[in-house]
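Q: start-v7.cif is reproduced in full below (mmCIF, C-alpha atoms).
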```
data_work
loop_
_atom_site.label_atom_id
_atom_site.label_comp_id
_atom_site.auth_asym_id
_atom_site.auth_seq_id
_atom_site.Cartn_x
_atom_site.Cartn_y
_atom_site.Cartn_z
CA MET A 184 -52.07 -98.20 -65.74
CA ALA A 185 -54.95 -100.49 -66.64
CA ARG A 186 -58.04 -98.44 -67.44
CA THR A 187 -61.49 -99.27 -66.08
CA THR A 188 -64.69 -97.98 -67.62
CA LYS A 189 -67.61 -97.83 -65.18
CA LEU A 190 -71.15 -97.60 -66.50
CA SER A 191 -74.17 -96.92 -64.34
CA LEU A 192 -76.89 -99.24 -65.67
CA ASP A 193 -80.32 -100.44 -64.62
CA GLU A 194 -80.13 -103.93 -66.01
CA TRP A 195 -77.93 -106.61 -67.53
CA ASP A 196 -78.70 -109.48 -69.88
CA THR A 197 -77.07 -112.55 -71.37
CA LEU A 198 -76.23 -113.07 -75.03
CA HIS A 199 -79.38 -115.16 -75.41
CA ASN A 200 -81.66 -112.64 -73.66
CA ASN A 201 -82.46 -114.84 -70.68
CA GLY A 202 -82.88 -111.71 -68.54
CA PRO A 203 -82.82 -108.82 -68.05
CA TRP A 204 -81.90 -108.57 -64.38
CA ASP A 205 -81.18 -105.58 -62.16
CA LEU A 206 -77.68 -104.14 -62.03
CA LYS A 207 -76.10 -101.02 -60.58
CA PHE A 208 -72.68 -100.80 -62.19
CA LEU A 209 -70.94 -102.50 -65.09
CA TYR A 210 -67.14 -102.41 -65.28
CA LYS A 211 -64.67 -103.13 -68.05
CA THR A 212 -60.94 -103.14 -67.48
CA LYS A 213 -58.47 -102.77 -70.35
CA LEU A 214 -54.81 -103.59 -70.01
CA GLU A 215 -52.25 -100.82 -70.32
CA ALA A 216 -51.04 -100.39 -73.91
CA SER A 217 -48.06 -102.59 -74.68
CA SER A 218 -46.33 -99.54 -76.20
CA LEU A 219 -46.36 -97.95 -72.73
CA MET A 220 -45.87 -101.13 -70.70
CA PRO A 221 -44.09 -103.68 -72.92
CA SER A 222 -43.79 -106.44 -70.31
CA SER A 223 -46.79 -108.82 -70.28
CA LEU A 224 -46.00 -109.62 -66.66
CA ASP A 225 -46.16 -105.93 -65.71
CA ARG A 226 -49.48 -105.48 -67.54
CA TYR A 227 -50.87 -108.61 -65.86
CA ASN A 228 -49.85 -107.47 -62.37
CA ASP A 229 -51.06 -103.95 -63.09
CA ALA A 230 -54.51 -105.35 -64.05
CA ALA A 231 -54.58 -107.43 -60.86
CA GLN A 232 -53.95 -104.28 -58.84
CA GLU A 233 -56.79 -102.54 -60.71
CA ILE A 234 -59.20 -105.39 -59.93
CA GLN A 235 -58.20 -105.24 -56.26
CA GLN A 236 -59.00 -101.52 -56.32
CA LEU A 237 -62.47 -102.29 -57.73
CA LEU A 238 -62.99 -104.92 -55.04
CA LYS A 239 -62.02 -102.39 -52.38
CA GLU A 240 -64.47 -99.84 -53.81
CA THR A 241 -67.21 -102.50 -53.82
CA ASN A 242 -66.39 -103.67 -50.29
CA ASN A 243 -66.59 -100.10 -49.01
CA GLN A 244 -70.13 -99.87 -50.37
CA ASN A 245 -70.98 -103.28 -48.88
CA GLU A 246 -72.03 -104.53 -52.31
CA GLY A 247 -71.46 -107.64 -54.42
CA PHE A 248 -69.11 -108.05 -57.37
CA ARG A 249 -68.93 -110.74 -60.03
CA ALA A 250 -66.86 -111.09 -63.16
CA TYR A 251 -68.31 -112.49 -66.37
CA GLY A 252 -67.04 -113.34 -69.82
CA SER A 253 -69.07 -113.75 -72.98
CA ALA A 254 -72.40 -114.15 -71.10
CA TRP A 255 -73.35 -117.30 -73.02
CA SER A 256 -74.88 -119.20 -70.06
CA LEU A 257 -78.59 -119.72 -70.68
CA SER A 258 -79.54 -118.69 -67.15
CA HIS A 259 -78.99 -116.05 -64.47
CA ILE A 260 -75.90 -117.90 -63.19
CA ALA A 261 -73.43 -115.17 -64.21
CA HIS A 262 -75.58 -112.36 -62.83
CA GLN A 263 -74.90 -110.28 -59.71
CA LYS A 264 -77.33 -107.53 -58.76
CA ASP A 265 -74.80 -104.88 -57.67
CA ARG A 266 -71.64 -104.79 -59.74
CA MET A 267 -70.44 -106.89 -62.64
CA HIS A 268 -67.14 -106.90 -64.46
CA PHE A 269 -66.75 -107.70 -68.17
CA ASN A 270 -63.32 -109.32 -68.42
CA ALA A 271 -62.89 -109.93 -72.18
CA HIS A 272 -60.30 -107.17 -72.53
CA MET A 273 -57.92 -108.76 -70.04
CA ASN A 274 -56.25 -111.05 -72.53
CA THR A 275 -52.52 -111.42 -72.20
CA TYR A 276 -50.83 -114.82 -71.87
CA PHE A 277 -47.59 -116.51 -70.84
CA SER A 278 -45.62 -119.48 -72.12
CA PHE A 279 -43.06 -121.25 -69.94
CA LYS A 280 -39.60 -122.74 -69.88
CA ASN A 281 -38.26 -125.62 -67.81
CA GLN A 282 -36.86 -123.23 -65.19
CA ASP A 283 -40.42 -121.98 -64.47
CA LEU A 284 -41.67 -125.45 -63.55
CA HIS A 285 -41.89 -126.95 -60.07
CA HIS A 286 -39.07 -129.41 -59.37
CA LEU A 287 -41.60 -132.24 -58.89
CA SER A 288 -43.56 -131.35 -62.02
CA ASN A 289 -44.03 -134.05 -64.65
CA TYR A 290 -45.34 -131.61 -67.23
CA ASN A 291 -43.54 -130.63 -70.40
CA ALA A 292 -42.85 -126.88 -70.17
CA ASP A 293 -43.66 -126.45 -73.89
CA ASP A 294 -47.24 -127.61 -73.20
CA ILE A 295 -47.93 -125.24 -70.31
CA PHE A 296 -49.50 -121.79 -70.86
CA MET A 297 -51.18 -119.28 -68.59
CA PHE A 298 -54.02 -117.31 -70.14
CA GLU A 299 -55.53 -114.22 -68.57
CA CYS A 300 -59.26 -114.55 -67.85
CA GLY A 301 -60.63 -112.64 -70.86
CA ASN A 302 -58.96 -114.66 -73.61
CA VAL A 303 -61.72 -116.30 -75.65
CA ILE A 304 -61.32 -119.88 -76.87
CA LYS A 305 -60.73 -118.82 -80.48
CA GLU A 306 -58.08 -116.33 -79.38
CA ILE A 307 -56.40 -119.03 -77.30
CA SER A 308 -56.44 -121.50 -80.19
CA GLU A 309 -54.73 -118.94 -82.42
CA LYS A 310 -52.15 -118.05 -79.79
CA LEU A 311 -51.43 -121.73 -79.16
CA ALA A 312 -51.21 -122.45 -82.90
CA GLY A 313 -48.37 -119.93 -82.99
CA HIS A 314 -46.50 -122.34 -80.70
CA GLY A 315 -47.57 -125.46 -82.66
CA LYS A 316 -50.00 -126.32 -79.84
CA SER A 317 -53.72 -126.79 -79.43
CA LEU A 318 -56.37 -126.99 -76.73
CA LYS A 319 -57.25 -130.60 -76.03
CA SER A 320 -61.00 -130.01 -76.36
CA SER A 321 -63.52 -127.20 -76.52
CA GLY A 322 -67.27 -126.67 -76.80
CA ALA A 323 -69.22 -126.63 -80.06
CA SER A 324 -68.35 -122.97 -80.52
CA ASN A 325 -65.35 -120.88 -79.58
CA GLY A 326 -66.48 -117.51 -78.22
CA GLN A 327 -66.41 -118.28 -74.50
CA THR A 328 -63.75 -116.66 -72.33
CA ILE A 329 -61.44 -119.16 -70.65
CA ALA A 330 -62.50 -118.09 -67.14
CA GLY A 331 -66.21 -118.29 -68.00
CA CYS A 332 -65.67 -121.55 -69.83
CA ILE A 333 -64.13 -123.41 -66.93
CA SER A 334 -66.12 -121.85 -64.12
CA THR A 335 -69.45 -122.77 -65.74
CA GLY A 336 -68.30 -126.14 -67.06
CA VAL A 337 -68.78 -125.63 -70.80
CA HIS A 338 -69.53 -128.90 -72.63
CA GLY A 339 -67.22 -130.54 -75.16
CA SER A 340 -65.16 -133.64 -74.66
CA GLY A 341 -62.48 -135.98 -75.86
CA ILE A 342 -62.02 -139.60 -74.80
CA LYS A 343 -59.46 -139.66 -71.95
CA VAL A 344 -59.29 -135.83 -72.21
CA GLY A 345 -62.56 -134.46 -70.84
CA SER A 346 -63.81 -130.88 -71.18
CA VAL A 347 -61.85 -127.64 -70.95
CA GLN A 348 -61.69 -127.59 -67.13
CA ASP A 349 -60.18 -131.09 -67.15
CA TYR A 350 -56.87 -129.87 -68.56
CA VAL A 351 -56.62 -126.79 -66.33
CA VAL A 352 -53.64 -127.29 -64.04
CA GLY A 353 -53.45 -123.99 -62.15
CA LEU A 354 -55.61 -120.99 -61.20
CA ASN A 355 -54.64 -117.46 -60.26
CA LEU A 356 -57.43 -116.01 -58.10
CA ILE A 357 -57.94 -112.52 -56.70
CA ILE A 358 -59.90 -113.14 -53.53
CA GLY A 359 -59.86 -109.70 -51.94
CA PRO A 360 -58.49 -106.15 -52.00
CA ASN A 361 -55.59 -106.63 -49.57
CA PRO A 362 -51.95 -107.63 -50.05
CA GLY A 363 -51.87 -111.42 -49.83
CA ASP A 364 -55.30 -111.71 -51.42
CA ILE A 365 -53.90 -112.91 -54.74
CA VAL A 366 -53.58 -116.66 -54.71
CA TYR A 367 -52.04 -119.16 -57.10
CA LEU A 368 -53.82 -122.48 -56.64
CA GLU A 369 -52.75 -125.81 -58.09
CA ARG A 370 -52.95 -129.51 -57.16
CA HIS A 371 -50.58 -130.73 -54.48
CA SER A 372 -50.37 -134.07 -56.28
CA LYS A 373 -49.56 -132.49 -59.65
CA PRO A 374 -47.54 -129.31 -59.11
CA VAL A 375 -46.86 -127.22 -62.21
CA LEU A 376 -45.20 -123.85 -61.61
CA ASN A 377 -42.48 -123.05 -59.15
CA ASP A 378 -42.61 -120.47 -56.37
CA VAL A 379 -40.29 -118.11 -58.25
CA PHE A 380 -42.86 -117.61 -61.01
CA VAL A 381 -45.69 -117.39 -58.46
CA GLN A 382 -43.80 -114.54 -56.79
CA LYS A 383 -43.52 -112.80 -60.16
CA ILE A 384 -47.33 -112.66 -60.34
CA ARG A 385 -47.33 -111.34 -56.74
CA SER A 386 -49.30 -114.30 -55.48
CA ARG A 387 -49.09 -116.67 -52.56
CA VAL A 388 -49.16 -120.30 -53.54
CA ILE A 389 -51.62 -122.91 -52.28
CA ARG A 390 -51.07 -126.49 -53.42
CA ASN A 391 -54.14 -128.46 -52.40
CA ASP A 392 -56.06 -131.00 -54.51
CA GLY A 393 -59.39 -130.52 -52.74
CA LEU A 394 -59.33 -126.72 -52.89
CA PHE A 395 -58.20 -126.74 -56.50
CA ASN A 396 -60.96 -129.13 -57.59
CA ALA A 397 -63.57 -127.10 -55.71
CA ALA A 398 -62.44 -123.81 -57.24
CA LEU A 399 -62.15 -125.18 -60.77
CA VAL A 400 -65.87 -125.13 -61.69
CA GLY A 401 -66.66 -122.63 -58.97
CA LEU A 402 -69.12 -120.34 -60.81
CA GLY A 403 -67.01 -117.37 -59.72
CA SER A 404 -67.56 -118.08 -56.03
CA PHE A 405 -63.90 -118.55 -55.18
CA GLY A 406 -62.88 -115.08 -56.28
CA PHE A 407 -61.97 -113.28 -59.46
CA ILE A 408 -60.31 -115.82 -61.77
CA HIS A 409 -57.45 -113.78 -63.19
CA GLY A 410 -55.27 -116.43 -64.80
CA VAL A 411 -55.80 -119.99 -65.95
CA VAL A 412 -52.88 -122.37 -66.44
CA ILE A 413 -53.60 -125.11 -68.96
CA GLU A 414 -51.80 -128.11 -70.40
CA SER A 415 -51.98 -128.03 -74.19
CA GLN A 416 -50.95 -130.63 -76.75
CA ASN A 417 -49.43 -130.63 -80.22
CA LEU A 418 -51.61 -129.30 -83.04
CA PHE A 419 -53.80 -132.00 -84.58
CA LEU A 420 -56.58 -132.50 -87.11
CA LEU A 421 -59.88 -134.34 -86.64
CA LYS A 422 -61.52 -136.55 -89.26
CA ARG A 423 -65.27 -136.78 -88.60
CA TYR A 424 -67.66 -139.59 -89.48
CA VAL A 425 -71.40 -139.88 -88.83
CA LYS A 426 -72.83 -143.42 -88.95
CA SER A 427 -76.09 -145.16 -88.29
CA ILE A 428 -75.35 -148.27 -86.22
CA LYS A 429 -77.30 -150.76 -84.12
CA LYS A 430 -78.54 -149.22 -80.89
CA GLU A 431 -76.98 -151.99 -78.77
CA LEU A 432 -73.59 -151.50 -80.41
CA ALA A 433 -73.76 -147.70 -79.99
CA ILE A 434 -74.41 -148.06 -76.26
CA GLU A 435 -71.82 -150.81 -75.80
CA LEU A 436 -69.16 -148.62 -77.43
CA ALA A 437 -70.13 -145.69 -75.21
CA GLU A 438 -69.88 -147.83 -72.09
CA SER A 439 -66.70 -149.74 -72.89
CA LEU A 440 -64.90 -147.18 -75.09
CA ASP A 441 -63.35 -150.27 -76.67
CA PHE A 442 -63.44 -149.76 -80.42
CA SER A 443 -61.09 -152.61 -81.39
CA ASN A 444 -63.98 -154.65 -82.83
CA PHE A 445 -65.68 -151.67 -84.47
CA LYS A 446 -64.71 -152.02 -88.13
CA GLU A 447 -67.50 -150.14 -89.90
CA ILE A 448 -65.11 -147.42 -91.02
CA PRO A 449 -62.47 -149.18 -93.19
CA GLU A 450 -60.19 -146.10 -93.20
CA GLU A 451 -59.95 -146.29 -89.40
CA VAL A 452 -59.02 -149.96 -89.14
CA GLU A 453 -55.37 -150.63 -88.36
CA ASN A 454 -53.80 -154.11 -88.24
CA GLY A 455 -57.27 -155.68 -88.26
CA LYS A 456 -58.47 -153.63 -85.28
CA GLY A 457 -60.65 -150.54 -85.12
CA ARG A 458 -58.79 -147.41 -84.03
CA ALA A 459 -59.97 -145.62 -80.91
CA PRO A 460 -61.60 -142.28 -81.85
CA TYR A 461 -60.73 -139.03 -80.10
CA HIS A 462 -64.40 -138.17 -79.67
CA TYR A 463 -67.51 -140.35 -79.67
CA LYS A 464 -71.09 -139.16 -79.47
CA VAL A 465 -74.47 -140.92 -79.64
CA PHE A 466 -77.43 -138.94 -80.98
CA ILE A 467 -80.69 -140.03 -79.38
CA ASN A 468 -83.96 -138.98 -80.94
CA GLN A 469 -86.26 -138.97 -77.94
CA TYR A 470 -89.34 -138.93 -80.16
CA GLN A 471 -88.44 -142.23 -81.84
CA LYS A 472 -89.23 -144.79 -79.15
CA ASN A 473 -88.59 -147.87 -81.25
CA ASP A 474 -85.25 -146.98 -82.81
CA ALA A 475 -83.31 -150.06 -83.90
CA ASP A 476 -80.39 -147.85 -84.91
CA TYR A 477 -78.72 -144.81 -83.39
CA ILE A 478 -76.75 -142.12 -85.17
CA VAL A 479 -73.21 -141.87 -83.83
CA GLU A 480 -70.49 -139.31 -84.47
CA LEU A 481 -66.85 -140.36 -84.37
CA MET A 482 -63.84 -138.07 -84.66
CA TYR A 483 -60.39 -139.52 -85.25
CA LYS A 484 -57.21 -137.66 -84.44
CA LYS A 485 -54.80 -137.09 -87.34
CA ASP A 486 -51.36 -135.56 -87.58
CA PHE A 487 -51.41 -131.85 -88.34
CA LYS A 488 -50.52 -130.72 -91.86
CA LEU A 489 -50.96 -127.34 -93.48
CA ASN A 490 -52.82 -128.29 -96.65
CA TYR A 491 -55.87 -129.90 -95.03
CA PRO A 492 -59.24 -129.53 -96.77
CA ASP A 493 -61.29 -126.43 -96.01
CA PRO A 494 -63.58 -127.56 -93.16
CA PHE A 495 -66.27 -124.91 -93.67
CA PRO A 496 -68.27 -126.54 -96.52
CA VAL A 497 -68.16 -129.89 -94.67
CA ILE A 498 -69.31 -128.35 -91.38
CA LYS A 499 -72.20 -126.51 -93.09
CA LYS A 500 -73.39 -129.62 -94.93
CA SER A 501 -72.79 -132.08 -92.10
CA ILE A 502 -75.03 -130.26 -89.63
CA TYR A 503 -78.01 -130.56 -91.98
CA ARG A 504 -77.12 -134.15 -92.92
CA ASP A 505 -77.09 -135.14 -89.24
CA LEU A 506 -80.46 -133.52 -88.66
CA ILE A 507 -81.95 -135.28 -91.69
CA GLN A 508 -80.58 -138.63 -90.54
CA LEU A 509 -82.05 -138.02 -87.09
CA ALA A 510 -85.40 -136.96 -88.50
CA VAL A 511 -85.83 -139.95 -90.81
CA SER A 512 -84.28 -142.63 -88.63
CA MET B 201 -111.93 -95.99 -116.65
CA LYS B 202 -111.38 -95.61 -112.91
CA THR B 203 -110.64 -99.33 -112.58
CA LYS B 204 -108.03 -99.12 -115.35
CA VAL B 205 -106.23 -96.25 -113.58
CA TYR B 206 -106.37 -98.20 -110.34
CA VAL B 207 -104.85 -101.30 -111.98
CA TYR B 208 -102.10 -99.19 -113.59
CA LEU B 209 -101.32 -97.58 -110.23
CA VAL B 210 -101.12 -100.97 -108.50
CA MET B 211 -98.78 -102.25 -111.23
CA VAL B 212 -96.55 -99.19 -110.89
CA PHE B 213 -96.40 -99.68 -107.11
CA ILE B 214 -95.57 -103.38 -107.52
CA PHE B 215 -92.83 -102.47 -110.01
CA LEU B 216 -91.40 -99.85 -107.66
CA GLY B 217 -91.67 -102.27 -104.74
CA MET B 218 -89.74 -104.93 -106.65
CA LEU B 219 -87.15 -102.34 -107.66
CA LEU B 220 -86.84 -101.27 -104.03
CA LEU B 221 -86.49 -104.83 -102.77
CA ASN B 222 -83.93 -105.75 -105.41
CA SER B 223 -81.85 -102.64 -104.92
CA CYS B 224 -81.63 -102.99 -101.12
CA TYR B 225 -79.07 -105.57 -100.11
CA SER B 226 -76.09 -106.07 -97.82
CA VAL B 227 -72.85 -107.89 -98.47
CA ARG B 228 -70.73 -108.93 -95.51
CA PHE B 229 -67.06 -109.92 -95.48
CA ARG B 230 -65.87 -111.68 -92.34
CA SER B 231 -62.42 -113.01 -91.61
CA VAL B 232 -62.34 -116.60 -90.38
CA GLU B 233 -59.18 -115.68 -88.49
CA GLY B 234 -59.00 -113.47 -85.41
CA THR B 235 -61.54 -112.49 -82.78
CA PRO B 236 -63.93 -109.56 -83.10
CA GLU B 237 -63.73 -106.64 -80.67
CA PRO B 238 -66.40 -107.48 -78.07
CA ALA B 239 -69.40 -105.22 -77.47
CA PHE B 240 -69.52 -103.32 -74.20
CA PRO B 241 -72.26 -103.21 -73.07
CA MET B 242 -74.15 -105.78 -75.17
CA VAL B 243 -77.24 -103.89 -76.34
CA ARG B 244 -77.89 -104.82 -79.99
CA ASP B 245 -80.28 -107.56 -81.01
CA ASP B 246 -78.92 -108.22 -84.49
CA TYR B 247 -76.02 -110.13 -86.06
CA TYR B 248 -73.59 -107.80 -84.26
CA ARG B 249 -74.92 -108.38 -80.71
CA THR B 250 -71.59 -109.64 -79.38
CA MET B 251 -69.43 -107.31 -81.45
CA GLN B 252 -68.39 -103.69 -81.12
CA VAL B 253 -69.73 -102.49 -84.45
CA ILE B 254 -68.96 -99.10 -86.00
CA GLU B 255 -71.53 -97.70 -88.42
CA LEU B 256 -70.67 -95.25 -91.17
CA ASP B 257 -73.52 -93.59 -93.08
CA THR B 258 -72.28 -90.74 -95.21
CA VAL B 259 -72.12 -89.32 -98.74
CA ILE B 260 -68.78 -89.03 -100.45
CA THR B 261 -67.89 -86.90 -103.41
CA ILE B 262 -65.87 -88.49 -106.17
CA GLY B 263 -64.27 -86.41 -108.90
CA ALA B 264 -65.10 -87.19 -112.53
CA LEU B 265 -61.68 -88.74 -113.10
CA ASP B 266 -61.46 -90.63 -109.80
CA LYS B 267 -62.27 -94.31 -109.93
CA ASP B 268 -62.03 -95.15 -106.27
CA PHE B 269 -62.11 -93.76 -102.76
CA THR B 270 -60.11 -94.90 -99.75
CA TYR B 271 -61.56 -94.71 -96.26
CA LEU B 272 -58.89 -95.17 -93.60
CA ILE B 273 -59.56 -97.40 -90.59
CA LYS B 274 -57.73 -95.92 -87.64
CA LYS B 275 -57.23 -96.94 -84.03
CA SER B 276 -59.95 -95.61 -81.76
CA ASP B 277 -61.74 -96.56 -78.54
CA LEU B 278 -64.20 -98.65 -80.53
CA CYS B 279 -61.44 -100.05 -82.74
CA PRO B 280 -58.34 -100.36 -80.54
CA SER B 281 -56.51 -102.70 -82.92
CA GLY B 282 -57.16 -100.63 -86.07
CA LYS B 283 -57.51 -103.96 -87.93
CA LEU B 284 -60.62 -105.23 -89.68
CA HIS B 285 -62.54 -108.38 -88.71
CA THR B 286 -65.90 -107.85 -90.44
CA ILE B 287 -67.16 -105.31 -92.94
CA GLU B 288 -70.66 -104.98 -94.34
CA TYR B 289 -71.77 -102.61 -97.05
CA ARG B 290 -75.38 -101.89 -97.86
CA ASN B 291 -76.79 -100.72 -101.15
CA THR B 292 -80.16 -98.99 -101.26
CA LEU B 293 -82.45 -97.55 -103.92
CA GLY B 294 -81.65 -94.10 -102.54
CA ALA B 295 -77.95 -94.71 -103.06
CA VAL B 296 -78.52 -95.87 -106.65
CA LEU B 297 -80.74 -92.86 -107.40
CA LEU B 298 -78.29 -90.42 -105.79
CA SER B 299 -75.46 -91.78 -107.88
CA GLY B 300 -77.60 -91.66 -111.03
CA ILE B 301 -78.90 -88.14 -110.48
CA THR B 302 -75.41 -86.75 -109.75
CA PHE B 303 -73.78 -88.73 -112.63
CA GLY B 304 -71.72 -90.67 -110.11
CA ARG B 305 -70.25 -87.65 -108.36
CA LYS B 306 -72.08 -88.26 -105.06
CA ARG B 307 -72.03 -91.76 -103.61
CA LYS B 308 -73.84 -92.89 -100.51
CA VAL B 309 -71.62 -95.00 -98.27
CA LYS B 310 -73.44 -97.13 -95.72
CA ILE B 311 -71.02 -99.43 -93.97
CA LYS B 312 -70.80 -101.38 -90.74
CA TYR B 313 -67.47 -102.72 -89.59
CA VAL B 314 -66.03 -104.60 -86.65
CA CYS B 315 -62.37 -104.53 -85.71
CA MET B 316 -60.16 -107.34 -84.53
CA LYS B 317 -59.86 -107.64 -80.78
CA SER B 318 -56.63 -106.06 -79.61
CA ASN B 319 -54.02 -108.05 -77.71
#
```
Using structure tokens, write down the structure that the file contains.
A:
Amino acid sequence: MARTTKLSLDEWDTLHNNGPWDLKFLYKTKLEASSLMPSSLDRYNDAAQEIQQLLKETNNQNEGFRAYGSAWSLSHIAHQKDRMHFNAHMNTYFSFKNQDLHHLSNYNADDIFMFECGNVIKEISEKLAGHGKSLKSSGASNGQTIAGCISTGVHGSGIKVGSVQDYVVGLNLIIGPNPGDIVYLERHSKPVLNDVFVQKIRSRVIRNDGLFNAALVGLGSFGFIHGVVIESQNLFLLKRYVKSIKKELAIELAESLDFSNFKEIPEEVENGKGRAPYHYKVFINQYQKNDADYIVELMYKKDFKLNYPDPFPVIKKSIYRDLIQLAVS
Amino acid sequence: MKTKVYVYLVMVFIFLGMLLLNSCYSVRFRSVEGTPEPAFPMVRDDYYRTMQVIELDTVITIGALDKDFTYLIKKSDLCPSGKLHTIEYRNTLGAVLLSGITFGRKRKVKIKYVCMKSN
């Protein structure tokens, strides 16, 4: 059985100390050991049952309950004054085969994964890498849990990709303590998983675009997000450039996303046309009112290879270089 | 005469202070792979705020012929995976003096470590 630790506390705070705020009880649920319950599906369903039990206990006391992940939000948004649940230890995941997909699904089964709420982005990236896959985008750091990440709309973007929530294709929600209160929600227009799999996670299926879109960045208001189904893509590398370019050009590129005439990076010109980057960002120094130039960051997608250069020295140096360019521009 | 003694005392204190500062340091090893075991609840305000850190502050006895000492990391509630993510050792003047006074037989071990998050 999944084990829940219950602490009686007076207050709760975020990672960045934006609080503290009042709290009565803090919960943490750990999955059953795989040595005792080898099936991931069994451990997942067992944890769902445990969460329903906690919801029942909370309901009986007429109190509130909210799950949270890494507590990185710089506000009280994750807080609930009665009972909170730390979900980082609920971290199993599932990959799929064609027979698990809905008959109208256009997705490639190899790209579809379901991650339990407490998997953090770094954990997910490593698990996906084991399948030769990658998240399409993520924030500037990688310690957010997947449920916290999507429900609070963590930043990070790729052109034609969006942020993390934009490639979520299904949600498994626990909306109450009773049988039938576990729901698998996905878009009617883009079905992913078939009813057979949904029955395996003891859920009832709802396929509705409006409900799905509302629940996606729902700040935990649609229930306990237990599982998140995402569409991944093949592993890739990013080559990053930081340039100072004319302000008008920087804005025009941002608006049109047409980089065919942008030839300031010779390595990224193909057949006489500029390649479209995977990520484009304009740095605006609000204290420089008369900037003729803006600093822009471009990241180009490259095929994955094992012997790529160590990114750490580049990342360390590039952050300072960007700041210096911003300060002196 | 009194001034001279005072100056000597100040110099001795500065020397001891420098010795103390130089002999106190931490070295941290952190894997770039894996995820650290998360803290529950999050109460620290230091580098380890998000991590479930285990602190070890003890004195070990090493025989005259022994050159090393192995401390086993085992599975526990605070370290469910039994695998290391981060380890930090701290050296202090006290540790150096203890080792010197006991001719290396007693060694102070002051370590913090964080385990990998379990799957």
Q: Hey, could you pull the box centre and edge lengths for region 263-271 of chain B, axis-aligned, 6 Å padding per side, all listed atoms, to one decimal in Å, as lines of an AutoDock Vina configuration file?
A:
```
center_x = -62.6
center_y = -90.8
center_z = -104.7
size_x = 17.0
size_y = 20.7
size_z = 28.8
```
Q: Would you kindly translate the PyMOL selection byres ((chain A) within 7 of (chain B)) into the concrete residues it picks from this file, as a VMD selection string?
A: chain A and resid 274 to 275 305 to 306
Q: Excluding Leu256 (chain B) and residues on its chain fewer than 6 positions from it, collect all residues at most 12 Å away from it, counting only C-alpha atoms, and give them as number ranges by chain.
A: B: 271, 273, 287-290, 308-314
Q: Do you know which residues are at most 7 Å from region 247-259 of chain A counting only C-alpha atoms, after dropping those on the same chain fewer than 6 positions away, and could you put them as a PyMOL selection string?
A: chain A and resi 197-199+201+241+265-271+301+326-328+331+403+407
Q: If I take CA of Phe296 (chain A) and CA of Glu414 (chain A), how far is one from the other in Å, to one decimal?
A: 6.7 Å
Q: Compile the contact shell of Lys306 (chain B) as a compact mmCIF listing (two decimals) with C-alpha atoms, in the frame of the given file: residues with an atom at most 10 Å away, counting all atoms listed in the file, same-chain residues fewer than 4 positions apart removed.
A:
```txt
# COMPACT_ATOMS: atom_id res chain seq x y z
CA VAL B 259 -72.12 -89.32 -98.74
CA ILE B 260 -68.78 -89.03 -100.45
CA THR B 261 -67.89 -86.90 -103.41
CA ILE B 262 -65.87 -88.49 -106.17
CA GLY B 263 -64.27 -86.41 -108.90
CA ALA B 295 -77.95 -94.71 -103.06
CA LEU B 298 -78.29 -90.42 -105.79
CA SER B 299 -75.46 -91.78 -107.88
CA GLY B 300 -77.60 -91.66 -111.03
CA ILE B 301 -78.90 -88.14 -110.48
CA THR B 302 -75.41 -86.75 -109.75
```
Q: Between B:Leu209, B:Arg305, B:Leu278, B:Ser226, which is the closest to Gln252 (chain B) once you count all atoms listed in the file?
A: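 Checking each of B:Leu209, B:Arg305, B:Leu278, B:Ser226 against Gln252 (chain B), counting all atoms listed in the file, the winner is B:Leu278.
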Q: Which is closest to Asp193 (chain A) among A:Ser334, A:Lys264, A:Asp283, A:Lys239, if we use only C-alpha atoms?
A: A:Lys264
Q: Rank nothing, just name the residue among A:Leu421, A:Ala323, A:Leu481, A:Ile304 nearest to Phe445 (chain A), using all atoms listed in the file.
A: A:Leu481
Q: What is the distance between CA of Pro496 (chain A) and CA of Phe229 (chain B), in Å to one decimal?
A: 16.7 Å
Q: How many Å lie between CA of Met297 (chain A) and CA of His314 (chain A), rounded to one decimal?
A: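 Separating CA of Met297 (chain A) from CA of His314 (chain A) is a distance of 13.3 Å.
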Q: Give me the residues of region 211-285 of chain A that have any atom at most 8 Å from an atom of region 187-190 of chain A; for each, the nearest atom pair and the distance in Å, rounded to one decimal. Use only C-alpha atoms, sort by chain and number, and format it as a tab-separated table.
A:
```
residue	atom	partner	partner_atom	distance
A:Lys211	CA	A:Thr188	CA	5.2
A:Thr212	CA	A:Thr187	CA	4.2
A:Lys213	CA	A:Thr187	CA	6.3
A:Glu233	CA	A:Thr187	CA	7.8
```
Q: Determine the nearest neighbour of Gly401 (chain A) from the options A:Ile333, A:Val375, A:Ala459, A:Ile428, counting only C-alpha atoms.
A: A:Ile333
Q: Give me, as a list in words, all polymer residues having an atom no more than 8 Å from Phe298 (chain A), counting only C-alpha atoms and skipping those fewer than 4 positions away in the same chain.
A: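 These residues fall inside the cut-off: Asn274, Thr275, Tyr276, Phe277, Asn302, Ile307, Ile329, Gly410, Val411, Val412 and Ile413 of chain A.
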